[in-house]
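Undergrad: I'd like to ask some things about the structure below.
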Amino acid sequence: MKILVINSGSSSIKYQLIDMADESVMATGLVERIGEGQGALIHKAHPGTDREAKIALEQPIPDHADGLKLSIDLICSGENAVCAMDEIDAVGHRVVAGGEKFNRPVIVTDEMMPDLRETERLAPLHNPANIGGARDAMALFPGVPQVLVFDTAFHQTIPPQAYMYALPYKYYEEDHIRRYGAHGTSHKYVAKECARLMGRPFEELNAITVHLGNGASMAAVKNGLCVDTSMGLTPLEGLVMGTRSGDVDPAVHHYLAVNRGMRLAEIDDMLHKESGLKGLCGMNDMRDIHAAIAEGNERAQLALDVQTYRIRKYIGSYMAVLGRVDAVIFTAGIGENDQVVRAKAVEGLDPFGMKIDHDINETRSKKGRRINAADSAVDIWVIPTNEELAIARETKNILQ
Ligand code: ADP
């Protein structure tokens, strides 16, 4: 079975074709700057093998349907084709927000479109593109199942005490305002992978998963089920992110409106795009922040301190939520690569049984690995996330 995984963003499409027989990647690619003057596409056939062939194109790509068509042409025709179009058995799509209705992967139908459109207000930056991608693929691949895999689905086992905000109840009933979380596909994937590496059933694993990329979130996983997560109604709540504030006093909106005359849209934009690490020190890439710290930049140090303190605070609160913690798992761009952030995130937690081995922590690897000291009661892991493979597996599951 060959599954094409598509992640459509507002001006980009990431894709991977996966052969489920051995879960190998047959082709991968990234289409960028869709709808801008000059678009770009980087495609690799048989990536990471001695047959790897790379194609880079620069040309106008007016819309997502064109971008997808271009990608399919590279996958299925020309000298570097990896398979015929009719060999693609299904397409799996990443969708950020499923709301309460879409609590598991679905094979998309035209009848679902009105309900899917309802979810767009929960993730206005992501969902319209995600769902548009599925619509384009339905047209390009008539009769081929299109499966939507929702980032929020893993969080649907969170109990009401954790997902409810203490607002008047009507806003939950009428407007569906509650915490939904995000990055669920990644949290589930790394928690499952950790259980496999630890040699224990996923259904018995209690873990705290820490996904630190440009967006960042954490989850508390009890007996293989998510029981709490740091993102909320939207992916703004929780940890300090590249440009997103994470937790702030909700009265900040009123305060800024009254004292600075800022409009709501401006404040929202500031919290999403000008805050987080960037807001604190002007940089949102951790590599730049470390370089600046090495040169004595105090604001960069502050940004690192605020970010890692917040992670530690969430680890502490999820320990209280879970009672027994078997593993803390770091993943995504920062979690997989940044030993300083990992060490600071668990600093001082020895009395709670979390102790990192600094030498192992500093050893670089692309593999899942344990980085805790031998006398640590809790395992600490670094596990590379693989959302594309997770989506392909979910797609295969639902078809079977
Ligand atoms: P997303 O998928 O949310 O866009 P990623 O998971 O790819 O993000 O993470 C991107 C971030 O990872 C970068 O902004 C950067 O801060 C961080 N990062 C990537 N490589 C490294 C590295 N070697 N050391 C520290 N941080 C890194």
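Chains: A, B, ... in order of the structure tokens. Residues: from 1 per chain. Ligands: from 1, in order shown.
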Extract the full set of strand (DSSP E) residues from stretch 51-277 of chain A according to DSSP on the backbone, and format it as a count of residues only.
TA: 40
Undergrad: Check which residues fall inside 10 Å of ligand 1 when counting only C-alpha atoms and all ligand atoms, and print them as an NGL selection string.
TA: :A and (183 or 211-216 or 241-243 or 277 or 283-290 or 331-341 or 364 or 384-385 or 387)
Undergrad: Using only C-alpha atoms, what does the table of stretch 70-133 of chain A residues within 6 Å of stretch 142-160 of chain A look like, with each row giving the shortest atom pair and its distance in Å to one decimal, sorted by chain and ascending number, as a tab-separated table?
TA:
```
residue	atom	partner	partner_atom	distance
A:Ala90	CA	A:Pro145	CA	5.0
A:Val91	CA	A:Gln146	CA	4.9
A:Gly92	CA	A:Val147	CA	4.7
A:His93	CA	A:Leu148	CA	4.9
A:Arg94	CA	A:Val149	CA	5.2
A:Val95	CA	A:Phe150	CA	4.7
A:Val96	CA	A:Asp151	CA	4.8
A:Ala97	CA	A:Thr152	CA	5.6
A:Gly98	CA	A:Phe150	CA	5.6
A:Asn103	CA	A:Ala153	CA	4.7
A:Arg104	CA	A:Ala153	CA	5.3
A:Pro105	CA	A:Val149	CA	4.6
A:Val106	CA	A:Leu148	CA	5.4
A:Ile107	CA	A:Val147	CA	4.4
A:Val108	CA	A:Gln146	CA	5.7
```
Undergrad: Tell me, as a PyMOL selection string, which residues lie within 7 Å of A:Asp228, counting only C-alpha atoms; anything in the same chain fewer than 4 positions away does not count.
TA: chain A and resi 158+162+219-220
Undergrad: Could the residues in this selection be saved with N, CA, C and O atoms as an mmCIF file, in the first residue's frame?
TA:
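Produced file out-v6.cif, reproduced below:
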```cif
data_model
loop_
_atom_site.group_PDB
_atom_site.id
_atom_site.type_symbol
_atom_site.label_atom_id
_atom_site.label_comp_id
_atom_site.auth_asym_id
_atom_site.auth_seq_id
_atom_site.Cartn_x
_atom_site.Cartn_y
_atom_site.Cartn_z
ATOM 1 N N ILE A 158 -9.019 14.014 26.913
ATOM 2 C CA ILE A 158 -8.805 14.923 28.059
ATOM 3 C C ILE A 158 -10.151 15.117 28.776
ATOM 4 O O ILE A 158 -11.167 15.375 28.134
ATOM 5 N N ALA A 162 -10.076 19.318 32.786
ATOM 6 C CA ALA A 162 -8.865 19.874 32.179
ATOM 7 C C ALA A 162 -9.180 20.698 30.933
ATOM 8 O O ALA A 162 -8.430 21.617 30.605
ATOM 9 N N ALA A 219 2.114 17.507 26.582
ATOM 10 C CA ALA A 219 0.935 16.701 26.886
ATOM 11 C C ALA A 219 1.237 15.764 28.050
ATOM 12 O O ALA A 219 2.379 15.329 28.225
ATOM 13 N N ALA A 220 0.215 15.508 28.846
ATOM 14 C CA ALA A 220 0.295 14.511 29.914
ATOM 15 C C ALA A 220 -0.442 13.276 29.412
ATOM 16 O O ALA A 220 -1.626 13.363 29.047
#
```
Undergrad: Given the choices A:Thr119, A:Ser245, A:Ser12, A:Thr229, which gets closest to A:Ser317 if the distance is worked out from only C-alpha atoms?
TA: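 Closest to A:Ser317 of all the choices is A:Thr229.
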Undergrad: So how many Å separate atom CA of A:Met354 and atom CA of A:Ile380, to one decimal?
TA: 7.5 Å
Undergrad: Near stretch 52-66 of chain A, counting only C-alpha atoms, which residues have an atom at most 6 Å away, once you skip same-chain residues fewer than 6 positions from it, shown as a PDB file with N, CA, C and O atoms, in the first residue's frame?
TA:
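The resulting file, selection-v4.pdb, is reproduced below:
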```pdb
ATOM      1  N   ILE A  34       3.386  29.729  -2.685  1.00  0.00           N
ATOM      2  CA  ILE A  34       2.228  29.577  -3.574  1.00  0.00           C
ATOM      3  C   ILE A  34       1.459  30.898  -3.587  1.00  0.00           C
ATOM      4  O   ILE A  34       1.240  31.501  -2.540  1.00  0.00           O
ATOM      5  N   GLY A  35       1.069  31.321  -4.780  1.00  0.00           N
ATOM      6  CA  GLY A  35       0.282  32.548  -4.891  1.00  0.00           C
ATOM      7  C   GLY A  35       1.137  33.801  -4.885  1.00  0.00           C
ATOM      8  O   GLY A  35       0.632  34.910  -5.020  1.00  0.00           O
ATOM      9  N   GLY A  37       4.647  35.915  -6.535  1.00  0.00           N
ATOM     10  CA  GLY A  37       5.193  36.056  -7.896  1.00  0.00           C
ATOM     11  C   GLY A  37       5.904  34.806  -8.374  1.00  0.00           C
ATOM     12  O   GLY A  37       5.555  34.219  -9.393  1.00  0.00           O
ATOM     13  N   GLN A  38       6.909  34.379  -7.610  1.00  0.00           N
ATOM     14  CA  GLN A  38       7.706  33.225  -8.003  1.00  0.00           C
ATOM     15  C   GLN A  38       7.572  32.130  -6.939  1.00  0.00           C
ATOM     16  O   GLN A  38       7.941  32.346  -5.785  1.00  0.00           O
ATOM     17  N   GLY A  39       7.060  30.982  -7.349  1.00  0.00           N
ATOM     18  CA  GLY A  39       6.949  29.869  -6.405  1.00  0.00           C
ATOM     19  C   GLY A  39       8.183  28.992  -6.475  1.00  0.00           C
ATOM     20  O   GLY A  39       9.017  29.141  -7.374  1.00  0.00           O
ATOM     21  N   ALA A  40       8.336  28.091  -5.512  1.00  0.00           N
ATOM     22  CA  ALA A  40       9.508  27.206  -5.503  1.00  0.00           C
ATOM     23  C   ALA A  40       9.078  25.803  -5.115  1.00  0.00           C
ATOM     24  O   ALA A  40       8.165  25.630  -4.305  1.00  0.00           O
ATOM     25  N   LEU A  41       9.736  24.813  -5.718  1.00  0.00           N
ATOM     26  CA  LEU A  41       9.444  23.429  -5.368  1.00  0.00           C
ATOM     27  C   LEU A  41      10.745  22.648  -5.252  1.00  0.00           C
ATOM     28  O   LEU A  41      11.606  22.746  -6.128  1.00  0.00           O
ATOM     29  N   ILE A  42      10.904  21.954  -4.156  1.00  0.00           N
ATOM     30  CA  ILE A  42      12.053  21.050  -4.026  1.00  0.00           C
ATOM     31  C   ILE A  42      11.486  19.651  -3.853  1.00  0.00           C
ATOM     32  O   ILE A  42      10.652  19.410  -2.968  1.00  0.00           O
ATOM     33  N   HIS A  43      11.901  18.757  -4.730  1.00  0.00           N
ATOM     34  CA  HIS A  43      11.371  17.397  -4.730  1.00  0.00           C
ATOM     35  C   HIS A  43      12.535  16.417  -4.657  1.00  0.00           C
ATOM     36  O   HIS A  43      13.567  16.618  -5.299  1.00  0.00           O
ATOM     37  N   LYS A  44      12.358  15.356  -3.852  1.00  0.00           N
ATOM     38  CA  LYS A  44      13.386  14.309  -3.830  1.00  0.00           C
ATOM     39  C   LYS A  44      12.726  12.959  -4.068  1.00  0.00           C
ATOM     40  O   LYS A  44      11.754  12.604  -3.377  1.00  0.00           O
ATOM     41  N   ALA A  45      13.270  12.229  -5.054  1.00  0.00           N
ATOM     42  CA  ALA A  45      12.836  10.845  -5.256  1.00  0.00           C
ATOM     43  C   ALA A  45      13.804   9.961  -4.480  1.00  0.00           C
ATOM     44  O   ALA A  45      15.005  10.251  -4.430  1.00  0.00           O
ATOM     45  N   HIS A  46      13.298   8.907  -3.857  1.00  0.00           N
ATOM     46  CA  HIS A  46      14.118   7.981  -3.055  1.00  0.00           C
ATOM     47  C   HIS A  46      15.071   8.710  -2.104  1.00  0.00           C
ATOM     48  O   HIS A  46      16.292   8.495  -2.144  1.00  0.00           O
ATOM     49  N   ASP A 136      -8.653  19.720  -3.140  1.00  0.00           N
ATOM     50  CA  ASP A 136      -7.842  19.650  -4.375  1.00  0.00           C
ATOM     51  C   ASP A 136      -7.485  18.197  -4.691  1.00  0.00           C
ATOM     52  O   ASP A 136      -7.532  17.762  -5.847  1.00  0.00           O
TER      53      ASP A 136
END
```
Undergrad: Given only C-alpha atoms as the basis, pick out the residue of A:Val5, A:Gly323, A:Glu347, A:Tyr314 nearest to A:Ala134.
TA: A:Val5
Undergrad: Which one is closest to A:Leu68: A:Thr28, A:Leu17, A:Met113, A:Ser8? Count only C-alpha atoms.
TA: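 Counting only C-alpha atoms, the residue closest to A:Leu68 is A:Ser8.
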Undergrad: Show which residues sit within 12 Å of A:Gly348, as a PyMOL selection string. Count only C-alpha atoms, and ignore same-chain residues fewer than 3 positions away.
TA: chain A and resi 309+312-313+315-316+343-345+351-356
Undergrad: Can you pull out the residues contacting A:Tyr172? Cut-off 12 Å, using only C-alpha atoms, and skip same-chain residues under 6 positions away; I want them as an MDAnalysis selection string.
TA: chainID A and resid 99:100 160 163:166 178:180 233
Undergrad: Output N, CA, C and O atoms for every residue in that selection, as a CSV table (one decimal), in the first residue's frame.
TA:
```
chain,number,residue,atom,x,y,z
A,99,GLY,N,-12.1,20.3,16.2
A,99,GLY,CA,-13.2,20.6,17.1
A,99,GLY,C,-13.6,19.4,17.9
A,99,GLY,O,-12.9,18.4,18.0
A,100,GLU,N,-14.9,19.4,18.3
A,100,GLU,CA,-15.4,18.3,19.1
A,100,GLU,C,-16.0,17.2,18.1
A,100,GLU,O,-16.0,16.0,18.5
A,160,PRO,N,-13.2,16.8,31.2
A,160,PRO,CA,-13.7,18.1,31.2
A,160,PRO,C,-13.0,19.0,32.3
A,160,PRO,O,-12.8,20.2,32.0
A,163,TYR,N,-10.3,20.4,30.2
A,163,TYR,CA,-10.5,21.1,29.0
A,163,TYR,C,-11.5,22.3,29.1
A,163,TYR,O,-11.5,23.2,28.3
A,164,MET,N,-12.2,22.4,30.3
A,164,MET,CA,-13.1,23.5,30.4
A,164,MET,C,-12.4,24.7,30.9
A,164,MET,O,-11.5,24.7,31.8
A,165,TYR,N,-12.7,25.9,30.4
A,165,TYR,CA,-12.3,27.2,30.9
A,165,TYR,C,-13.4,27.6,31.9
A,165,TYR,O,-14.6,27.3,31.7
A,166,ALA,N,-13.0,28.3,33.0
A,166,ALA,CA,-14.1,28.7,33.9
A,166,ALA,C,-14.7,30.0,33.5
A,166,ALA,O,-14.6,31.1,34.1
A,178,ARG,N,-13.5,25.9,24.5
A,178,ARG,CA,-12.9,24.9,25.4
A,178,ARG,C,-11.4,24.7,25.0
A,178,ARG,O,-11.0,25.3,23.9
A,179,ARG,N,-10.7,23.9,25.7
A,179,ARG,CA,-9.3,23.7,25.3
A,179,ARG,C,-9.3,22.4,24.3
A,179,ARG,O,-10.0,21.4,24.7
A,180,TYR,N,-8.7,22.5,23.2
A,180,TYR,CA,-8.6,21.4,22.2
A,180,TYR,C,-7.2,20.9,22.1
A,180,TYR,O,-7.0,19.7,21.7
A,233,LEU,N,-7.9,26.6,23.2
A,233,LEU,CA,-8.9,26.8,22.2
A,233,LEU,C,-8.1,26.9,20.8
A,233,LEU,O,-8.6,26.4,19.8
```
Undergrad: Which neighbours of stretch 254-270 of chain A fall inside 9 Å, counting only C-alpha atoms, when residues of the same chain fewer than 4 positions from it are skipped, and could you give them as a PyMOL selection string?
TA: chain A and resi 243-245+250+274-275+279
Undergrad: Go ahead and write the selection's residues with N, CA, C and O atoms as a PDB file, in the first residue's frame.
TA:
```
ATOM      1  N   THR A 243       7.357  32.771  18.065  1.00  0.00           N
ATOM      2  CA  THR A 243       6.789  34.129  18.009  1.00  0.00           C
ATOM      3  C   THR A 243       5.480  34.237  18.790  1.00  0.00           C
ATOM      4  O   THR A 243       4.867  35.294  18.811  1.00  0.00           O
ATOM      5  N   ARG A 244       5.024  33.129  19.396  1.00  0.00           N
ATOM      6  CA  ARG A 244       3.759  33.152  20.146  1.00  0.00           C
ATOM      7  C   ARG A 244       4.029  33.249  21.643  1.00  0.00           C
ATOM      8  O   ARG A 244       4.936  32.593  22.148  1.00  0.00           O
ATOM      9  N   SER A 245       3.189  34.015  22.310  1.00  0.00           N
ATOM     10  CA  SER A 245       3.413  34.305  23.733  1.00  0.00           C
ATOM     11  C   SER A 245       3.235  33.089  24.635  1.00  0.00           C
ATOM     12  O   SER A 245       3.851  33.004  25.682  1.00  0.00           O
ATOM     13  N   PRO A 250      -5.259  36.984  30.605  1.00  0.00           N
ATOM     14  CA  PRO A 250      -6.196  37.418  29.546  1.00  0.00           C
ATOM     15  C   PRO A 250      -6.572  38.897  29.653  1.00  0.00           C
ATOM     16  O   PRO A 250      -7.071  39.474  28.685  1.00  0.00           O
ATOM     17  N   GLU A 274       4.610  38.529  17.186  1.00  0.00           N
ATOM     18  CA  GLU A 274       5.683  39.407  17.676  1.00  0.00           C
ATOM     19  C   GLU A 274       6.100  39.059  19.099  1.00  0.00           C
ATOM     20  O   GLU A 274       6.834  39.812  19.728  1.00  0.00           O
ATOM     21  N   SER A 275       5.600  37.964  19.623  1.00  0.00           N
ATOM     22  CA  SER A 275       5.832  37.653  21.034  1.00  0.00           C
ATOM     23  C   SER A 275       6.771  36.456  21.175  1.00  0.00           C
ATOM     24  O   SER A 275       7.618  36.228  20.310  1.00  0.00           O
ATOM     25  N   GLY A 279       9.666  38.172  20.807  1.00  0.00           N
ATOM     26  CA  GLY A 279       9.257  39.344  21.580  1.00  0.00           C
ATOM     27  C   GLY A 279      10.278  39.682  22.652  1.00  0.00           C
ATOM     28  O   GLY A 279      10.579  40.859  22.901  1.00  0.00           O
TER      29      GLY A 279
END
```
Undergrad: One decimal, Å: what's the distance from atom CA of A:Lys367 over to atom CA of A:Thr49, could you say?
TA: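 Between atom CA of A:Lys367 and atom CA of A:Thr49 the gap works out to 17.4 Å.
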